[in-house]
Every structure is written in C-alpha cells, then in structure tokens.
>>> print(open('structure.pdb').read())   # PDB, C-alpha atoms
ATOM      1  CA  THR J   1       0.166  18.820   4.323  1.00  0.00           C
ATOM      2  CA  ILE J   2      -0.939  17.422   0.980  1.00  0.00           C
ATOM      3  CA  LYS J   3      -4.636  16.867   0.258  1.00  0.00           C
ATOM      4  CA  GLY J   4      -6.322  15.378  -2.754  1.00  0.00           C
ATOM      5  CA  VAL J   5      -9.390  13.617  -4.099  1.00  0.00           C
ATOM      6  CA  PHE J   6      -9.414  10.726  -6.542  1.00  0.00           C
ATOM      7  CA  ILE J   7     -12.204   8.688  -8.081  1.00  0.00           C
ATOM      8  CA  ASN J   8     -11.614   4.938  -8.257  1.00  0.00           C
ATOM      9  CA  ASP J   9     -12.432   4.043 -11.858  1.00  0.00           C
ATOM     10  CA  SER J  10     -10.450   0.774 -11.818  1.00  0.00           C
ATOM     11  CA  GLY J  11     -13.244  -1.428 -10.495  1.00  0.00           C
ATOM     12  CA  PRO J  12     -13.565  -2.817  -6.961  1.00  0.00           C
ATOM     13  CA  GLY J  13     -10.522  -3.978  -5.003  1.00  0.00           C
ATOM     14  CA  HIS J  14      -7.694  -2.887  -2.725  1.00  0.00           C
ATOM     15  CA  ARG J  15      -5.752   0.312  -3.523  1.00  0.00           C
ATOM     16  CA  LEU J  16      -2.396   1.611  -2.366  1.00  0.00           C
ATOM     17  CA  LEU J  17      -1.700   5.327  -1.845  1.00  0.00           C
ATOM     18  CA  VAL J  18       1.987   5.940  -2.497  1.00  0.00           C
ATOM     19  CA  MET J  19       3.856   9.182  -1.835  1.00  0.00           C
ATOM     20  CA  PRO J  20       7.584   9.494  -2.523  1.00  0.00           C
ATOM     21  CA  VAL J  21       9.374  11.144   0.383  1.00  0.00           C
ATOM     22  CA  ASP J  22      12.851  12.358   1.214  1.00  0.00           C
ATOM     23  CA  GLU J  23      14.992  10.235   3.554  1.00  0.00           C
ATOM     24  CA  SER J  24      14.603  12.939   6.254  1.00  0.00           C
ATOM     25  CA  THR J  25      10.786  12.994   6.016  1.00  0.00           C
ATOM     26  CA  THR J  26       8.540  11.838   8.845  1.00  0.00           C
ATOM     27  CA  VAL J  27       4.873  11.360   8.008  1.00  0.00           C
ATOM     28  CA  THR J  28       2.983  12.425  11.130  1.00  0.00           C
ATOM     29  CA  LYS J  29      -0.537  11.726   9.909  1.00  0.00           C
ATOM     30  CA  GLY J  30      -2.216  10.095   6.954  1.00  0.00           C
ATOM     31  CA  THR J  31      -5.957   9.814   6.427  1.00  0.00           C
ATOM     32  CA  ILE J  32      -8.133   8.572   3.603  1.00  0.00           C
ATOM     33  CA  GLN J  33     -11.872   9.093   3.749  1.00  0.00           C
ATOM     34  CA  ILE J  34     -14.294   7.167   1.565  1.00  0.00           C
ATOM     35  CA  GLY J  35     -17.844   8.259   2.368  1.00  0.00           C
ATOM     36  CA  THR J  36     -18.239   7.702   6.108  1.00  0.00           C
ATOM     37  CA  ARG J  37     -15.263   5.303   6.308  1.00  0.00           C
ATOM     38  CA  LEU J  38     -11.959   6.697   7.599  1.00  0.00           C
ATOM     39  CA  VAL J  39      -8.576   4.976   7.156  1.00  0.00           C
ATOM     40  CA  THR J  40      -5.812   6.546   9.256  1.00  0.00           C
ATOM     41  CA  THR J  41      -2.168   6.023  10.229  1.00  0.00           C
ATOM     42  CA  VAL J  42      -0.529   5.888  13.615  1.00  0.00           C
ATOM     43  CA  LEU J  43       2.871   7.439  14.322  1.00  0.00           C
ATOM     44  CA  VAL J  44       5.064   4.931  16.178  1.00  0.00           C
ATOM     45  CA  PRO J  45       8.530   5.803  17.548  1.00  0.00           C
ATOM     46  CA  THR J  46      11.321   3.846  15.848  1.00  0.00           C
ATOM     47  CA  LYS J  47      12.534   2.289  19.099  1.00  0.00           C
ATOM     48  CA  SER J  48       9.036   0.849  19.665  1.00  0.00           C
ATOM     49  CA  THR J  49       9.275  -1.103  16.397  1.00  0.00           C
ATOM     50  CA  LYS J  50      12.418  -3.099  17.300  1.00  0.00           C
ATOM     51  CA  ASN J  51      10.540  -6.284  18.198  1.00  0.00           C
ATOM     52  CA  LEU J  52       7.928  -6.124  15.456  1.00  0.00           C
ATOM     53  CA  VAL J  53       7.956  -8.903  12.901  1.00  0.00           C
ATOM     54  CA  PRO J  54       7.369  -7.634   9.367  1.00  0.00           C
ATOM     55  CA  VAL J  55       4.322  -9.039   7.636  1.00  0.00           C
ATOM     56  CA  VAL J  56       4.997 -10.142   4.087  1.00  0.00           C
ATOM     57  CA  PRO J  57       1.843  -9.470   2.074  1.00  0.00           C
ATOM     58  CA  LYS J  58       0.522 -12.104  -0.292  1.00  0.00           C
ATOM     59  CA  THR J  59       1.070 -11.302  -3.930  1.00  0.00           C
ATOM     60  CA  VAL J  60      -2.187 -10.129  -5.442  1.00  0.00           C
ATOM     61  CA  LYS J  61      -2.556 -10.461  -9.178  1.00  0.00           C
ATOM     62  CA  THR J  62      -4.321  -7.472 -10.657  1.00  0.00           C
ATOM     63  CA  PRO J  63      -5.306  -6.950 -14.251  1.00  0.00           C
ATOM     64  CA  GLY J  64      -3.428  -4.262 -16.146  1.00  0.00           C
ATOM     65  CA  ASN J  65      -0.528  -2.169 -14.963  1.00  0.00           C
ATOM     66  CA  ASP J  66      -0.488  -1.911 -11.166  1.00  0.00           C
ATOM     67  CA  ILE J  67       1.555   1.295 -11.161  1.00  0.00           C
ATOM     68  CA  TRP J  68       1.044   2.015  -7.455  1.00  0.00           C
ATOM     69  CA  SER J  69       2.641  -1.119  -6.067  1.00  0.00           C
ATOM     70  CA  ASN J  70       5.043  -2.186  -8.842  1.00  0.00           C
ATOM     71  CA  ARG J  71       6.863   1.108  -9.415  1.00  0.00           C
ATOM     72  CA  SER J  72       6.899   2.180  -5.774  1.00  0.00           C
ATOM     73  CA  ARG J  73       9.097  -0.805  -4.921  1.00  0.00           C
ATOM     74  CA  GLN J  74      11.869   0.837  -6.935  1.00  0.00           C
ATOM     75  CA  LEU J  75      11.791   4.148  -5.019  1.00  0.00           C
ATOM     76  CA  PRO J  76      14.290   4.656  -2.171  1.00  0.00           C
ATOM     77  CA  ALA J  77      11.839   6.246   0.288  1.00  0.00           C
ATOM     78  CA  VAL J  78       8.081   5.876   0.002  1.00  0.00           C
ATOM     79  CA  PHE J  79       5.117   6.410   2.305  1.00  0.00           C
ATOM     80  CA  ARG J  80       2.402   3.842   1.606  1.00  0.00           C
ATOM     81  CA  MET J  81      -1.159   3.482   2.811  1.00  0.00           C
ATOM     82  CA  LEU J  82      -3.266   0.434   1.950  1.00  0.00           C
ATOM     83  CA  ILE J  83      -6.979   0.994   1.417  1.00  0.00           C
ATOM     84  CA  LYS J  84      -8.994  -2.219   1.405  1.00  0.00           C
ATOM     85  CA  ASN J  85     -12.328  -2.910  -0.268  1.00  0.00           C
ATOM     86  CA  VAL J  86     -12.610   0.169  -2.458  1.00  0.00           C
ATOM     87  CA  LYS J  87     -15.710   0.112  -4.625  1.00  0.00           C
ATOM     88  CA  HIS J  88     -15.871   1.210  -8.240  1.00  0.00           C
ATOM     89  CA  GLU J  89     -16.356   5.014  -8.472  1.00  0.00           C
ATOM     90  CA  ASP J  90     -15.659   5.604  -4.751  1.00  0.00           C
ATOM     91  CA  GLU J  91     -14.234   9.065  -4.007  1.00  0.00           C
ATOM     92  CA  LEU J  92     -11.026   8.807  -1.999  1.00  0.00           C
ATOM     93  CA  HIS J  93     -10.190  11.986  -0.059  1.00  0.00           C
ATOM     94  CA  PHE J  94      -6.625  11.832   1.242  1.00  0.00           C
ATOM     95  CA  CYS J  95      -4.611  14.056   3.580  1.00  0.00           C
ATOM     96  CA  ILE J  96      -0.920  13.435   4.323  1.00  0.00           C
ATOM     97  CA  THR J  97       0.868  15.581   6.918  1.00  0.00           C
ATOM     98  CA  TYR J  98       4.618  15.349   7.317  1.00  0.00           C
ATOM     99  CA  VAL J  99       7.710  17.145   8.556  1.00  0.00           C
ATOM    100  CA  GLN J 100      10.980  17.276   6.706  1.00  0.00           C
ATOM    101  CA  GLU J 101      14.355  18.880   7.126  1.00  0.00           C
ATOM    102  CA  LEU J 102      14.695  21.717   4.641  1.00  0.00           C
ATOM    103  CA  SER J 103      17.496  21.488   2.111  1.00  0.00           C
ATOM    104  CA  THR J 104      19.508  24.504   1.032  1.00  0.00           C
ATOM    105  CA  LEU J 105      20.344  25.600  -2.478  1.00  0.00           C
ATOM    106  CA  ARG J 106      22.391  28.728  -3.207  1.00  0.00           C
ATOM    107  CA  GLY J 107      21.772  30.110   0.284  1.00  0.00           C
ATOM    108  CA  THR J 108      17.996  29.514   0.379  1.00  0.00           C
ATOM    109  CA  TYR J 109      15.937  26.801   2.046  1.00  0.00           C
ATOM    110  CA  ASN J 110      13.864  24.620  -0.257  1.00  0.00           C
ATOM    111  CA  VAL J 111      10.860  22.363   0.183  1.00  0.00           C
ATOM    112  CA  TRP J 112      10.715  19.514  -2.328  1.00  0.00           C
ATOM    113  CA  ILE J 113       7.396  17.723  -2.736  1.00  0.00           C
ATOM    114  CA  PRO J 114       7.923  14.878  -5.204  1.00  0.00           C
ATOM    115  CA  MET J 115       4.728  13.869  -6.925  1.00  0.00           C
ATOM    116  CA  ARG J 116       3.925  11.475  -9.706  1.00  0.00           C
ATOM    117  CA  ILE J 117       0.303  10.671 -10.315  1.00  0.00           C
ATOM    118  CA  PRO J 118      -0.673   8.400 -13.211  1.00  0.00           C
ATOM    119  CA  GLU J 119      -2.853  10.018 -15.875  1.00  0.00           C
ATOM    120  CA  SER J 120      -5.394   7.234 -15.348  1.00  0.00           C
ATOM    121  CA  MET J 121      -6.164   8.641 -11.873  1.00  0.00           C
ATOM    122  CA  PHE J 122      -7.562  11.887 -13.292  1.00  0.00           C
ATOM    123  CA  LEU J 123     -11.063  12.391 -14.639  1.00  0.00           C
ATOM    124  CA  PRO J 124     -11.245  13.552 -18.275  1.00  0.00           C
ATOM    125  CA  GLY J 125     -10.118  17.173 -18.502  1.00  0.00           C
ATOM    126  CA  GLN J 126      -8.502  17.182 -15.034  1.00  0.00           C
ATOM    127  CA  SER J 127      -4.889  17.924 -14.221  1.00  0.00           C
ATOM    128  CA  ILE J 128      -2.837  17.661 -11.028  1.00  0.00           C
ATOM    129  CA  LYS J 129      -3.820  21.173  -9.934  1.00  0.00           C
ATOM    130  CA  ASP J 130      -7.496  20.147  -9.960  1.00  0.00           C
ATOM    131  CA  VAL J 131      -7.048  17.354  -7.417  1.00  0.00           C
ATOM    132  CA  VAL J 132      -4.074  18.233  -5.193  1.00  0.00           C
ATOM    133  CA  SER J 133      -3.877  20.892  -2.507  1.00  0.00           C
ATOM    134  CA  ILE J 134      -0.668  21.618  -0.575  1.00  0.00           C
ATOM    135  CA  THR J 135      -0.194  23.634   2.622  1.00  0.00           C
ATOM    136  CA  CYS J 136       3.254  24.251   4.155  1.00  0.00           C
ATOM    137  CA  HIS J 137       3.783  25.454   7.732  1.00  0.00           C
ATOM    138  CA  ILE J 138       7.352  26.711   8.009  1.00  0.00           C
ATOM    139  CA  ASN J 139       8.977  27.564  11.343  1.00  0.00           C
ATOM    140  CA  THR J 140      11.636  30.069  10.326  1.00  0.00           C
ATOM    141  CA  GLY J 141      13.120  31.005  13.687  1.00  0.00           C
ATOM    142  CA  THR J 142      13.785  34.519  12.384  1.00  0.00           C
ATOM    143  CA  LYS J 143      11.707  37.507  11.361  1.00  0.00           C
ATOM    144  CA  HIS J 144      13.942  38.206   8.347  1.00  0.00           C
ATOM    145  CA  CYS J 145      12.447  35.721   5.932  1.00  0.00           C
ATOM    146  CA  GLU J 146      11.133  35.744   2.382  1.00  0.00           C
ATOM    147  CA  TRP J 147       9.272  32.956   0.600  1.00  0.00           C
ATOM    148  CA  GLY J 148       8.380  32.033  -2.951  1.00  0.00           C
ATOM    149  CA  GLY J 149       7.486  29.156  -5.247  1.00  0.00           C
ATOM    150  CA  SER J 150       9.315  27.865  -8.302  1.00  0.00           C
ATOM    151  CA  SER J 151       7.122  25.291 -10.052  1.00  0.00           C
ATOM    152  CA  ILE J 152       3.845  25.732  -8.152  1.00  0.00           C
ATOM    153  CA  PRO J 153       2.316  29.172  -7.429  1.00  0.00           C
ATOM    154  CA  LEU J 154       1.928  29.812  -3.704  1.00  0.00           C
ATOM    155  CA  ARG J 155       0.090  32.357  -1.593  1.00  0.00           C
ATOM    156  CA  CYS J 156       0.798  33.315   2.006  1.00  0.00           C
ATOM    157  CA  ILE J 157      -2.114  32.659   4.356  1.00  0.00           C
ATOM    158  CA  TYR J 158      -0.251  33.484   7.593  1.00  0.00           C
ATOM    159  CA  GLN J 159       3.050  35.098   8.565  1.00  0.00           C
ATOM    160  CA  ASP J 160       4.475  36.376  11.830  1.00  0.00           C
ATOM    161  CA  GLU J 161       8.024  36.887  13.123  1.00  0.00           C
ATOM    162  CA  SER J 162       8.963  33.191  13.093  1.00  0.00           C
ATOM    163  CA  ARG J 163       6.305  31.263  11.190  1.00  0.00           C
ATOM    164  CA  ILE J 164       4.935  31.249   7.661  1.00  0.00           C
ATOM    165  CA  THR J 165       2.057  29.259   6.221  1.00  0.00           C
ATOM    166  CA  VAL J 166       1.753  29.071   2.443  1.00  0.00           C
ATOM    167  CA  GLU J 167      -0.617  27.103   0.245  1.00  0.00           C
ATOM    168  CA  VAL J 168      -1.077  26.413  -3.434  1.00  0.00           C
ATOM    169  CA  ASP J 169      -2.728  29.275  -5.279  1.00  0.00           C
ATOM    170  CA  HIS J 170      -5.179  27.454  -7.544  1.00  0.00           C
ATOM    171  CA  ASN J 171      -6.098  30.726  -9.289  1.00  0.00           C
ATOM    172  CA  GLN J 172      -2.649  30.960 -10.904  1.00  0.00           C
ATOM    173  CA  PRO J 173      -1.304  28.744 -13.729  1.00  0.00           C
ATOM    174  CA  TRP J 174       1.164  25.988 -12.807  1.00  0.00           C
ATOM    175  CA  ASP J 175       4.406  25.397 -14.693  1.00  0.00           C
ATOM    176  CA  ARG J 176       3.387  21.732 -15.013  1.00  0.00           C
ATOM    177  CA  ASP J 177      -0.247  20.728 -15.515  1.00  0.00           C
TER     178      ASP J 177
END
>>> encode(input="structure.pdb", output="structure tokens")
Amino acid sequence: TIKGVFINDSGPGHRLLVMPVDESTTVTKGTIQIGTRLVTTVLVPTKSTKNLVPVVPKTVKTPGNDIWSNRSRQLPAVFRMLIKNVKHEDELHFCITYVQELSTLRGTYNVWIPMRIPESMFLPGQSIKDVVSITCHINTGTKHCEWGGSSIPLRCIYQDESRITVEVDHNQPWDRD
C-alpha cells in the first residue's frame, strides 16, 4: 500500500495519478480523496474485459509540461487514475494497494516500488519522505524469515510465523530525499 498527499498548485483542471508498476503487479484498490469527494477504482477480472471497447480520450491541451500524461505513455506498465475537476490548492490524498510477485536477487526476495514524482508536486522544503507512506504486507509461508530495507528505512509493525508487515520509518533518514 502506498499513501500520499499532494497539493494541486497547477490551477484548476483534470489531473492524472500515475504509478509505474511491474508487469506482474495487480492494483487491487486505488482511492483519491479531495475533501468529501472520493474517487475510487474497481477491480475487474481480465476475462470480463474481453468485450469492452476502449475509449480513446480527447487530447487536452494543457499549458506547460504535462509530465503526468506525456511521460507515462513511454512506460511499459503504468497504473493510472484520472481525477476530474480538481480545484487550485485542493489536497489530494491517495492510497494505492497492490499485489506483486516478489523477485529474487542473490537468494533473497525483493520488493521494488518504482517512484518518480516531479519536484513541482512538492511544497517548498518538502521531499518525497514528507508526502509518501508505504506499508508492505508480506506472506512468507515460513517462520524462518528476515527482512530489511535498502534505499528506504523500514520498521516492522507486525510479524508472526508466516506474515510480516513493514512500513516506512519516517524518523530515519532516506538514502534519496
């Protein structure tokens, strides 16, 4: 689960939340809350989408560099969520929950959470660790398990014989701010 809060300082309009994902990732839930308004996703089985006709969105001209839509078209796997009618200075609270097959590297399982957030999305003096929170629920299937973080400091909030839950430790420095 990845959570974050952003302030829209780009004036009123439509916004697109983009999260790069691995090819084996399934987003199970996505929500964006703006005040009392809630935008949410629905998980639909692939076989139920066979007869759907894709809707080709109209091209919307936006002033400046539209980093969210232009660059995301070049990524191989991307989760997108459109948020319509966002007002200037609205706070957008997002929560994305997903499952992904763990990759292995030198005999250990690894969770990769790709993230690229434009500097313009942060308030002055903020960094990524000020606006993003990550929680990982890992079903290990064995009681002989160790965990750790490489680029983001983690802390264990739950562990039993076959399950571990870790989250970002915001009290520790990050390798990348």
>>> residues_around(input="structure.pdb", residues="Thr165 in chain J", least_positions_apart="3", cutoff="8 Å", atoms="only C-alpha atoms", output="list in words")
Thr135, Cys136, His137, Ile138, Cys156, Ile157, Tyr158 and Gln159 of chain J
>>> closest_residue(input="structure.pdb", among="J:Glu23, J:Asn8, J:His93, J:Arg163", to="Gly35 in chain J", atoms="only C-alpha atoms")
J:His93
>>> atom_distance(input="structure.pdb", atom1="CA of Asp9 in chain J", atom2="CA of His170 in chain J")
24.9 Å
>>> residues_around(input="structure.pdb", residues="Ile83 in chain J", least_positions_apart="2", cutoff="10 Å", atoms="all atoms listed in the file", output="PyMOL selection string")
chain J and resi 13-17+32-34+38-40+80-81+85-86+92
>>> atom_distance(input="structure.pdb", atom1="CA of Ile2 in chain J", atom2="CA of Pro20 in chain J")
12.2 Å
>>> atom_distance(input="structure.pdb", atom1="CA of Asp90 in chain J", atom2="CA of Lys129 in chain J")
20.2 Å
